[in-house]
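Undergrad: Coordinates in entry.cif, mmCIF, C-alpha atoms, are listed below.
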```cif
data_query
loop_
_atom_site.label_atom_id
_atom_site.label_comp_id
_atom_site.auth_asym_id
_atom_site.auth_seq_id
_atom_site.Cartn_x
_atom_site.Cartn_y
_atom_site.Cartn_z
CA MET A 1 27.55 121.47 104.38
CA GLY A 2 23.99 120.73 105.42
CA LEU A 3 22.71 117.70 107.29
CA VAL A 4 23.03 114.54 105.18
CA ASP A 5 21.09 111.27 105.44
CA ILE A 6 24.01 108.88 105.10
CA HIS A 7 21.93 106.27 103.31
CA HIS A 8 20.96 108.85 100.67
CA SER A 9 24.46 110.26 100.35
CA ARG A 10 26.99 110.12 97.52
CA VAL A 11 30.36 108.72 98.50
CA ALA A 12 33.60 108.74 96.52
CA VAL A 13 36.04 105.93 97.30
CA ILE A 14 39.74 106.70 96.77
CA GLY A 15 42.68 104.31 96.56
CA SER A 16 45.14 102.50 94.32
CA SER A 17 43.70 99.99 91.87
CA PHE A 18 45.41 97.08 93.65
CA TYR A 19 43.84 97.81 97.05
CA LEU A 20 40.51 98.87 95.57
CA ASN A 21 40.25 95.48 93.90
CA ARG A 22 41.32 93.66 97.06
CA HIS A 23 38.54 95.41 99.02
CA LYS A 24 35.91 95.34 96.30
CA PHE A 25 33.43 93.44 98.45
CA LEU A 26 33.53 96.16 101.12
CA PHE A 27 32.61 98.77 98.53
CA ASP A 28 29.94 96.51 97.08
CA ALA A 29 28.43 96.34 100.58
CA ILE A 30 28.60 100.13 101.04
CA ALA A 31 27.15 100.72 97.57
CA GLN A 32 24.05 98.75 98.57
CA LYS A 33 23.47 101.10 101.52
CA VAL A 34 24.07 104.57 99.99
CA ASN A 35 22.56 106.53 97.12
CA ALA A 36 25.64 106.41 94.89
CA LEU A 37 29.26 105.27 95.10
CA GLU A 38 32.00 106.52 92.80
CA VAL A 39 35.53 105.11 92.62
CA ILE A 40 38.53 107.39 92.07
CA GLU A 41 41.81 105.59 91.45
CA SER A 42 44.91 107.32 92.74
CA ILE A 43 48.01 107.61 90.58
CA GLN A 44 49.27 104.22 89.46
CA ALA A 45 52.55 102.81 90.69
CA HIS A 46 54.04 102.38 87.21
CA THR A 47 53.20 105.99 86.28
CA LEU A 48 55.00 107.36 89.31
CA LEU A 49 57.90 104.94 88.87
CA ASP A 50 58.34 105.95 85.23
CA TYR A 51 58.61 109.55 86.40
CA LEU A 52 61.11 108.63 89.11
CA ASP A 53 63.08 106.56 86.60
CA GLN A 54 63.40 109.65 84.43
CA LEU A 55 64.77 111.57 87.39
CA THR A 56 67.18 108.72 88.15
CA SER A 57 68.39 108.66 84.53
CA ARG A 58 69.03 112.39 84.65
CA ALA A 59 70.88 111.98 87.93
CA ILE A 60 73.07 109.29 86.37
CA PHE A 61 73.83 111.54 83.40
CA PHE A 62 74.87 114.51 85.51
CA THR A 63 76.84 112.49 88.08
CA GLU A 64 78.66 110.67 85.29
CA TYR A 65 79.51 114.04 83.79
CA LEU A 66 80.69 115.40 87.14
CA PHE A 67 82.43 112.29 88.44
CA HIS A 68 83.77 110.89 85.17
CA GLY A 69 81.76 107.74 84.74
CA SER A 70 80.98 106.79 88.36
CA GLY A 71 77.50 108.27 88.40
CA LYS A 72 75.70 104.99 87.82
CA ASN A 73 77.24 103.53 90.95
CA ILE A 74 76.29 106.61 92.95
CA VAL A 75 72.58 106.45 92.12
CA GLU A 76 72.06 102.73 91.58
CA LYS A 77 70.46 102.38 95.04
CA PHE A 78 67.47 104.19 93.56
CA ASN A 79 66.66 101.21 91.39
CA ARG A 80 63.20 100.34 90.19
CA GLN A 81 62.77 97.38 92.52
CA LYS A 82 63.19 99.44 95.67
CA LEU A 83 60.99 102.23 94.34
CA SER A 84 58.20 99.79 93.48
CA PHE A 85 58.43 98.27 96.96
CA PHE A 86 57.85 101.40 99.00
CA TYR A 87 56.35 103.90 96.55
CA HIS A 88 53.05 104.11 98.43
CA ARG A 89 54.67 104.86 101.80
CA SER A 90 57.42 107.28 100.73
CA PHE A 91 57.34 111.01 101.36
CA TYR A 92 58.48 111.63 97.77
CA CYS A 93 55.52 109.66 96.46
CA PHE A 94 52.89 110.77 98.99
CA ILE A 95 53.07 114.40 97.85
CA PRO A 96 52.79 113.97 94.05
CA LYS A 97 50.11 111.30 94.49
CA SER A 98 48.11 113.64 96.74
CA ARG A 99 48.47 116.57 94.35
CA GLN A 100 47.40 114.48 91.38
CA LEU A 101 44.44 113.14 93.34
CA GLU A 102 43.37 116.62 94.44
CA ARG A 103 43.42 117.84 90.84
CA ARG A 104 41.19 114.95 89.81
CA ILE A 105 38.75 115.72 92.62
CA LEU A 106 38.58 119.39 91.63
CA ARG A 107 37.59 118.33 88.10
CA LEU A 108 34.57 116.32 89.27
CA ASP A 109 31.24 117.50 87.83
CA SER A 110 29.78 117.72 91.33
CA ASP A 111 31.04 117.17 94.86
CA PRO A 112 30.21 113.94 96.69
CA ASP A 113 28.84 114.20 100.21
CA TRP A 114 31.95 112.51 101.65
CA PHE A 115 35.14 110.72 100.68
CA PHE A 116 36.31 107.26 101.73
CA GLN A 117 40.12 107.12 101.58
CA LEU A 118 41.46 103.56 101.43
CA PHE A 119 44.79 103.44 103.29
CA ASN A 120 47.38 106.15 103.77
CA GLY A 121 49.24 106.22 100.48
CA GLU A 122 47.90 109.67 99.65
CA SER A 123 45.48 112.33 100.87
CA PRO A 124 42.38 113.65 99.08
CA PHE A 125 43.10 117.21 100.22
CA ARG A 126 46.23 119.01 101.38
CA LYS A 127 44.04 121.70 102.90
CA HIS A 128 40.62 121.39 104.50
CA SER A 129 38.04 121.52 101.71
CA GLY A 130 34.77 121.47 103.63
CA ILE A 131 33.95 118.01 102.28
CA PRO A 132 34.32 115.38 105.02
CA TYR A 133 36.62 112.46 104.46
CA ILE A 134 37.54 109.33 106.38
CA TYR A 135 40.46 106.90 106.33
CA TYR A 136 40.28 103.12 106.47
CA LEU A 137 43.70 102.07 107.76
CA ASP A 138 45.65 98.84 107.98
CA ILE A 139 48.87 100.39 109.30
CA THR A 140 50.70 103.66 109.95
CA VAL A 141 54.20 104.61 108.84
CA ALA A 142 55.11 105.02 112.51
CA LEU A 143 54.33 101.34 113.18
CA ASN A 144 56.29 100.24 110.12
CA ARG A 145 59.21 102.34 111.28
CA GLN A 146 59.10 100.67 114.68
CA PHE A 147 58.42 97.05 113.77
CA TRP A 148 59.35 96.41 110.13
CA ARG A 149 61.99 98.73 108.74
CA SER A 150 61.90 97.05 105.33
CA TRP A 151 58.66 98.96 104.82
CA SER A 152 60.31 102.18 105.95
CA THR A 153 63.48 102.34 103.91
CA PHE A 154 63.69 106.12 103.52
CA SER A 155 65.88 108.38 105.63
CA ASP A 156 65.06 109.67 109.12
CA ARG A 157 64.54 113.14 107.66
CA ASP A 158 62.09 111.89 105.02
CA PHE A 159 60.30 109.77 107.60
CA ALA A 160 59.82 112.83 109.80
CA ARG A 161 58.37 114.79 106.87
CA LEU A 162 56.04 111.96 105.84
CA HIS A 163 54.96 111.45 109.44
CA GLN A 164 54.10 115.15 109.70
CA PHE A 165 52.01 115.04 106.51
CA GLU A 166 50.28 111.89 107.68
CA LYS A 167 49.53 113.49 111.04
CA HIS A 168 48.09 116.55 109.31
CA VAL A 169 45.69 114.61 107.07
CA PHE A 170 44.63 112.28 109.89
CA GLN A 171 43.75 115.25 112.06
CA GLN A 172 41.77 116.85 109.23
CA ALA A 173 39.72 113.69 108.61
CA VAL A 174 36.31 113.56 110.25
CA HIS A 175 36.96 110.01 111.47
CA LEU A 176 39.49 107.20 111.25
CA PHE A 177 38.59 103.52 110.89
CA PRO A 178 41.62 101.31 111.65
CA MET A 179 41.47 97.57 111.24
CA SER A 180 43.15 96.89 114.59
CA HIS A 181 43.57 98.25 118.10
CA LEU A 182 47.30 98.24 117.38
CA VAL A 183 46.75 100.94 114.75
CA ARG A 184 44.30 102.77 117.03
CA GLN A 185 46.99 103.00 119.71
CA SER A 186 49.48 104.30 117.16
CA LEU A 187 47.03 106.98 116.02
CA ILE A 188 46.65 108.15 119.62
CA GLU A 189 50.30 107.96 120.67
CA ASP A 190 52.13 108.79 117.42
CA TYR A 191 49.67 111.21 115.80
CA ASP A 192 47.85 112.86 118.72
CA ILE A 193 44.42 111.75 117.47
CA LEU A 194 41.61 111.94 120.03
CA PRO A 195 40.29 108.46 120.96
CA GLU A 196 36.71 109.47 120.18
CA LYS A 197 37.75 110.13 116.59
CA ILE A 198 38.71 106.47 116.07
CA THR A 199 36.55 103.38 115.55
CA VAL A 200 38.18 99.95 115.15
CA VAL A 201 36.28 97.96 112.52
CA GLY A 202 38.48 94.99 111.60
CA SER A 203 38.61 93.58 108.09
CA SER A 204 37.58 90.56 106.04
CA GLY A 205 38.83 88.43 103.17
CA ASN A 206 38.26 87.80 99.48
CA PHE A 207 34.67 86.61 99.76
CA LYS A 208 31.37 88.44 99.43
CA THR A 209 29.38 86.54 102.04
CA PRO A 210 30.41 83.97 104.69
CA TYR A 211 30.72 80.38 103.57
CA THR A 212 27.85 78.15 104.75
CA GLY A 213 28.80 74.82 103.19
CA GLU A 214 30.36 71.72 104.68
CA LYS A 215 33.91 71.48 106.05
CA THR A 216 35.56 68.15 106.77
CA PHE A 217 38.91 67.14 108.30
CA GLY A 218 41.38 64.30 108.02
CA SER A 219 43.57 65.32 105.08
CA LYS A 220 46.58 66.20 107.31
CA ARG A 221 47.17 69.08 104.87
CA LEU A 222 48.68 72.40 105.99
CA VAL A 223 48.43 75.68 104.08
CA PHE A 224 50.87 78.60 104.10
CA ASN A 225 50.79 81.89 102.17
CA GLY A 226 54.40 82.71 101.35
CA SER A 227 53.84 85.78 99.18
CA ASP A 228 56.46 87.66 101.24
CA PHE A 229 58.39 84.59 102.32
CA HIS A 230 60.69 85.84 105.09
CA ARG A 231 58.30 88.38 106.60
CA LYS A 232 55.52 85.81 106.74
CA GLY A 233 57.80 83.24 108.42
CA GLY A 234 58.40 80.86 105.52
CA ASP A 235 61.66 79.57 106.97
CA ILE A 236 59.90 78.85 110.28
CA VAL A 237 57.16 76.95 108.46
CA LEU A 238 59.56 74.75 106.49
CA ASP A 239 61.65 73.92 109.56
CA ALA A 240 58.51 73.15 111.56
CA PHE A 241 57.13 70.95 108.77
CA LYS A 242 60.24 68.76 108.90
CA LEU A 243 59.49 68.12 112.58
CA VAL A 244 55.83 67.43 111.82
CA LYS A 245 56.74 64.87 109.15
CA LYS A 246 58.72 62.86 111.70
CA GLN A 247 55.58 62.42 113.80
CA ILE A 248 52.95 62.43 111.04
CA PRO A 249 54.57 61.09 107.83
CA GLU A 250 51.39 61.53 105.77
CA ALA A 251 51.24 65.30 106.46
CA THR A 252 51.54 67.63 103.47
CA LEU A 253 52.13 71.36 103.11
CA THR A 254 50.68 73.53 100.34
CA LEU A 255 52.75 76.69 99.92
CA ILE A 256 51.27 79.37 97.67
CA GLY A 257 52.21 82.93 96.75
CA SER A 258 55.85 82.24 95.88
CA THR A 259 57.88 79.64 94.03
CA LEU A 260 60.70 77.74 95.73
CA ASP A 261 63.76 76.44 93.92
CA ALA A 262 63.82 73.16 95.86
CA LEU A 263 60.98 71.40 97.66
CA GLU A 264 61.10 69.30 100.81
CA ASP A 265 59.31 65.96 100.90
CA GLY A 266 55.56 66.53 101.21
CA VAL A 267 55.65 70.21 100.15
CA GLU A 268 53.44 71.25 97.24
CA ASN A 269 54.17 74.62 95.63
CA PRO A 270 51.48 75.54 93.08
CA GLY A 271 52.51 79.22 93.12
CA PHE A 272 49.68 81.71 92.59
CA LEU A 273 46.05 80.57 92.66
CA ASP A 274 42.82 82.25 91.66
CA ALA A 275 39.88 82.69 94.05
CA ALA A 276 38.16 79.44 93.06
CA GLN A 277 41.36 77.45 93.49
CA ILE A 278 41.99 79.04 96.89
CA GLU A 279 38.50 78.06 98.05
CA GLN A 280 39.09 74.45 97.04
CA MET A 281 42.50 74.51 98.73
CA PHE A 282 40.94 75.69 102.00
CA LEU A 283 38.17 73.13 101.88
CA ALA A 284 40.79 70.39 101.50
CA ALA A 285 43.04 71.69 104.31
CA ASP A 286 43.15 70.85 108.02
CA LEU A 287 45.23 73.83 109.19
CA LEU A 288 46.59 77.18 108.11
CA VAL A 289 49.96 78.27 109.56
CA ALA A 290 50.85 81.98 109.65
CA PRO A 291 53.90 82.57 111.89
CA ALA A 292 54.57 86.04 110.45
CA ARG A 293 57.28 88.26 111.83
CA TRP A 294 55.09 91.24 110.94
CA ASP A 295 51.65 91.55 109.35
CA PRO A 296 49.12 94.37 109.81
CA PHE A 297 45.83 92.44 109.48
CA PRO A 298 46.07 89.58 106.95
CA GLY A 299 42.90 88.90 105.03
CA PHE A 300 44.20 85.47 104.05
CA VAL A 301 43.85 84.31 107.68
CA ILE A 302 40.25 85.55 107.72
CA GLU A 303 39.57 83.70 104.45
CA ALA A 304 40.82 80.49 106.04
CA MET A 305 38.55 81.06 109.05
CA ASN A 306 35.64 81.70 106.69
CA TYR A 307 36.06 78.23 105.18
CA GLY A 308 36.46 76.67 108.62
CA VAL A 309 40.22 76.14 108.54
CA PRO A 310 41.72 76.54 112.04
CA CYS A 311 44.72 78.89 112.07
CA ILE A 312 47.98 78.92 114.01
CA VAL A 313 49.36 82.45 113.96
CA SER A 314 52.06 84.59 115.53
CA ALA A 315 51.45 87.32 118.09
CA ASN A 316 52.96 90.00 115.83
CA GLY A 317 51.25 93.00 114.26
CA GLY A 318 47.48 92.92 114.19
CA ILE A 319 47.26 89.14 113.64
CA PRO A 320 46.36 88.12 117.23
CA GLU A 321 43.39 90.52 117.15
CA ILE A 322 41.78 88.46 114.41
CA MET A 323 41.13 85.47 116.62
CA ASP A 324 40.57 84.54 120.24
CA ASN A 325 43.41 82.29 121.35
CA GLN A 326 42.39 78.68 122.03
CA THR A 327 38.78 79.49 121.07
CA ASN A 328 38.75 79.98 117.29
CA GLY A 329 42.48 79.64 116.59
CA ILE A 330 45.91 79.37 118.17
CA VAL A 331 48.27 82.30 118.85
CA LEU A 332 51.86 81.13 119.30
CA GLU A 333 53.54 82.27 122.49
CA GLN A 334 56.96 81.51 121.00
CA LEU A 335 57.79 82.10 117.34
CA THR A 336 59.99 79.03 116.80
CA PRO A 337 59.76 75.99 114.50
CA GLU A 338 59.51 73.75 117.58
CA ALA A 339 56.55 75.66 119.05
CA LEU A 340 54.76 75.72 115.70
CA ALA A 341 55.38 72.01 115.06
CA GLN A 342 54.08 71.07 118.50
CA GLN A 343 50.79 72.91 117.93
CA VAL A 344 50.39 71.40 114.45
CA ILE A 345 51.00 67.86 115.71
CA GLU A 346 48.58 68.25 118.62
CA LEU A 347 45.80 69.59 116.42
CA LEU A 348 46.23 67.10 113.58
CA ASN A 349 45.94 64.32 116.17
CA ASP A 350 42.79 65.81 117.69
CA PRO A 351 39.96 65.94 115.08
CA ALA A 352 37.36 66.94 117.69
CA ARG A 353 39.34 70.03 118.65
CA LEU A 354 39.91 70.90 114.99
CA GLN A 355 36.16 70.79 114.46
CA LEU A 356 35.48 72.99 117.49
CA LEU A 357 38.02 75.61 116.41
CA SER A 358 36.58 75.47 112.91
CA ASN A 359 33.01 76.07 114.07
CA ASN A 360 34.05 78.97 116.29
CA ALA A 361 36.16 80.54 113.54
CA ARG A 362 33.27 80.43 111.10
CA GLN A 363 30.98 81.95 113.71
CA LYS A 364 33.34 84.89 114.28
CA VAL A 365 33.45 85.56 110.54
CA ALA A 366 29.67 85.41 110.35
CA ASP A 367 29.28 87.78 113.31
CA GLN A 368 32.15 90.26 112.86
CA LEU A 369 34.77 89.64 110.20
CA ASN A 370 32.62 90.13 107.11
CA TRP A 371 32.29 93.10 104.79
CA ASN A 372 28.60 93.69 105.40
CA ALA A 373 29.11 94.07 109.16
CA ILE A 374 32.09 96.38 108.59
CA ALA A 375 30.13 98.52 106.14
CA ASP A 376 27.30 98.84 108.68
CA THR A 377 29.71 99.96 111.41
CA ILE A 378 31.29 102.60 109.17
CA LEU A 379 27.97 103.96 107.90
CA ASN A 380 26.40 104.05 111.36
CA LYS A 381 29.32 106.12 112.64
CA MET A 382 29.14 108.40 109.59
CA SER A 383 25.43 108.90 110.27
CA GLU A 384 26.34 110.32 113.67
CA LEU A 385 28.98 112.59 112.17
CA ILE A 386 27.40 114.08 109.03
#
```
Would you mind giving the structure from this file in structure tokens?
TA:
Amino acid sequence: MGLVDIHHSRVAVIGSSFYLNRHKFLFDAIAQKVNALEVIESIQAHTLLDYLDQLTSRAIFFTEYLFHGSGKNIVEKFNRQKLSFFYHRSFYCFIPKSRQLERRILRLDSDPDWFFQLFNGESPFRKHSGIPYIYYLDITVALNRQFWRSWSTFSDRDFARLHQFEKHVFQQAVHLFPMSHLVRQSLIEDYDILPEKITVVGSSGNFKTPYTGEKTFGSKRLVFNGSDFHRKGGDIVLDAFKLVKKQIPEATLTLIGSTLDALEDGVENPGFLDAAQIEQMFLAADLLVAPARWDPFPGFVIEAMNYGVPCIVSANGGIPEIMDNQTNGIVLEQLTPEALAQQVIELLNDPARLQLLSNNARQKVADQLNWNAIADTILNKMSELI
């Protein structure tokens, strides 16, 4: 292809509807800086799962015929819940999703100048097409395999095949934009990607522009996102909160993202909130706690920082890269209820330090962790490349 002025280029963004919606403000920012932006949704989870359910039903039929009624027990591990959990990381889903996506691209009226692939659930091309494409990555399957096997539930053989496909499409991409240095290191060590082909850009949260309003403290309210309760450290949070209540009886905990059967004293569990409700929750909170056992690069932490809520986080995954320890947040050295409770108690009893962490957190969001800055970094690098 000929030389392209990136700000006059046409870009096609590819991804699942869920992640496209979650990152809509990034694409809004890019759309303001290019000639045209088109969105191409990859195959939907329910469509692929319906197809896999048909295969499972056929397997049950034949195994029941062959094994005289025991077929359902043989194939029941392929239930819909497990399929829906890892469909976007599985070898058996990566291939049909990529093929379906490639067919859609080939039916476009005209070719875009470049493709923006959101995450690694599929590939725009199985073979090099001549049209440059990039990946924006939160994680790799190699990291999931190493640190959180619940996100890598397929066999060693299938992992090896998926890893090989992932390596192939990463090497064919013109550039890779991981959120974290953790992913950058994985790309180099696990996929043999040259360092100069990688630019770490970070991420942001569910807000278009940084918050510039007032933030006050004194509520003694903690916030925790328990959407994946165990992985995000929900048990650690509840045990730590019991210790906090002994020292600060007026403290409360707002737990969103999941519903608990029984609530401890002082725990509020409103379940799922919309964006406006989340903003009000942050503005009323003194601290966010995120002692996750594994998390690639949680946007919810960045949202808290945006509204000036100091965060106490674990040192797992890409989380510690979001903040500078003791400057705009706290990174726990030990992932225990006692260590978390101690930090919470110290901060709730020190309003001046809360305010300082809050100001620094908001400044980092304004300088780095916002979608406009990330869009500029990506487009500036693409200007050098195409």
Undergrad: I need the output of the PyMOL selection byres ((chain A and resi 238-246) around 10) for this file as a PyMOL selection string; which residues are they?
TA: chain A and resi 222+224+233-237+247-253+255+263-267+336-346+348
Undergrad: Can you measure atom CA of Ala284 of chain A to atom CA of Val223 of chain A for me? One decimal in Å is fine.
TA: 9.6 Å
Undergrad: Which of these, A:Phe94, A:Phe300, A:Phe25, A:Tyr135, has the shortest distance to Leu288 of chain A once you count all atoms listed in the file?
TA: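 Ranking A:Phe94, A:Phe300, A:Phe25, A:Tyr135 by distance to Leu288 of chain A, first place goes to A:Phe300.
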Undergrad: Can you list, as a ChimeraX atom specification, the residues that the PyMOL selection byres ((chain A and resi 10) around 9) selects here?
TA: /A:6-9,11-12,34-38,111-115
Undergrad: Name the residues that the PyMOL selection byres ((chain A and resi 26) around 8) picks from the file above, as an MDAnalysis selection string, using the file's chain letters and numbers.
TA: chainID A and resid 23:25 27:30 371:372 374:375
Undergrad: Selection from above, C-alpha atoms, as a PDB file, in the frame of the given file, can you write it?
TA:
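part_31.pdb was written with the following content:
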```
ATOM      1  CA  HIS A  23      38.540  95.410  99.020  1.00  0.00           C
ATOM      2  CA  LYS A  24      35.910  95.340  96.300  1.00  0.00           C
ATOM      3  CA  PHE A  25      33.430  93.440  98.450  1.00  0.00           C
ATOM      4  CA  PHE A  27      32.610  98.770  98.530  1.00  0.00           C
ATOM      5  CA  ASP A  28      29.940  96.510  97.080  1.00  0.00           C
ATOM      6  CA  ALA A  29      28.430  96.340 100.580  1.00  0.00           C
ATOM      7  CA  ILE A  30      28.600 100.130 101.040  1.00  0.00           C
ATOM      8  CA  TRP A 371      32.290  93.100 104.790  1.00  0.00           C
ATOM      9  CA  ASN A 372      28.600  93.690 105.400  1.00  0.00           C
ATOM     10  CA  ILE A 374      32.090  96.380 108.590  1.00  0.00           C
ATOM     11  CA  ALA A 375      30.130  98.520 106.140  1.00  0.00           C
TER      12      ALA A 375
END
```
Undergrad: Between atom CA of Pro132 of chain A and atom CA of Asn21 of chain A, what is the distance, to one decimal in Å?
TA: 23.6 Å
Undergrad: Can you work out which one of A:Ile319, A:Val331, A:Leu283, A:Ala361 has the shortest atom-to-atom distance to Glu214 of chain A, counting only C-alpha atoms?
TA: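 Counting only C-alpha atoms, the residue closest to Glu214 of chain A is A:Leu283.
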Undergrad: For segment 179-181 of chain A, list every protein, DNA or RNA residue within 7 Å, evaluated using all atoms listed in the file, and leave out those in the same chain fewer than 5 positions away; present the list as a list in words.
TA: Leu137, Asp138, Val200, Val201, Gly202, Ser203, Phe297, Gly318 and Glu321 of chain A
Undergrad: Write out the residues from the selection above, keeping C-alpha atoms, as a CSV table (one decimal), in the coordinates of the input.
TA:
```csv
chain,number,residue,atom,x,y,z
A,137,LEU,CA,43.7,102.1,107.8
A,138,ASP,CA,45.6,98.8,108.0
A,200,VAL,CA,38.2,100.0,115.2
A,201,VAL,CA,36.3,98.0,112.5
A,202,GLY,CA,38.5,95.0,111.6
A,203,SER,CA,38.6,93.6,108.1
A,297,PHE,CA,45.8,92.4,109.5
A,318,GLY,CA,47.5,92.9,114.2
A,321,GLU,CA,43.4,90.5,117.2
```
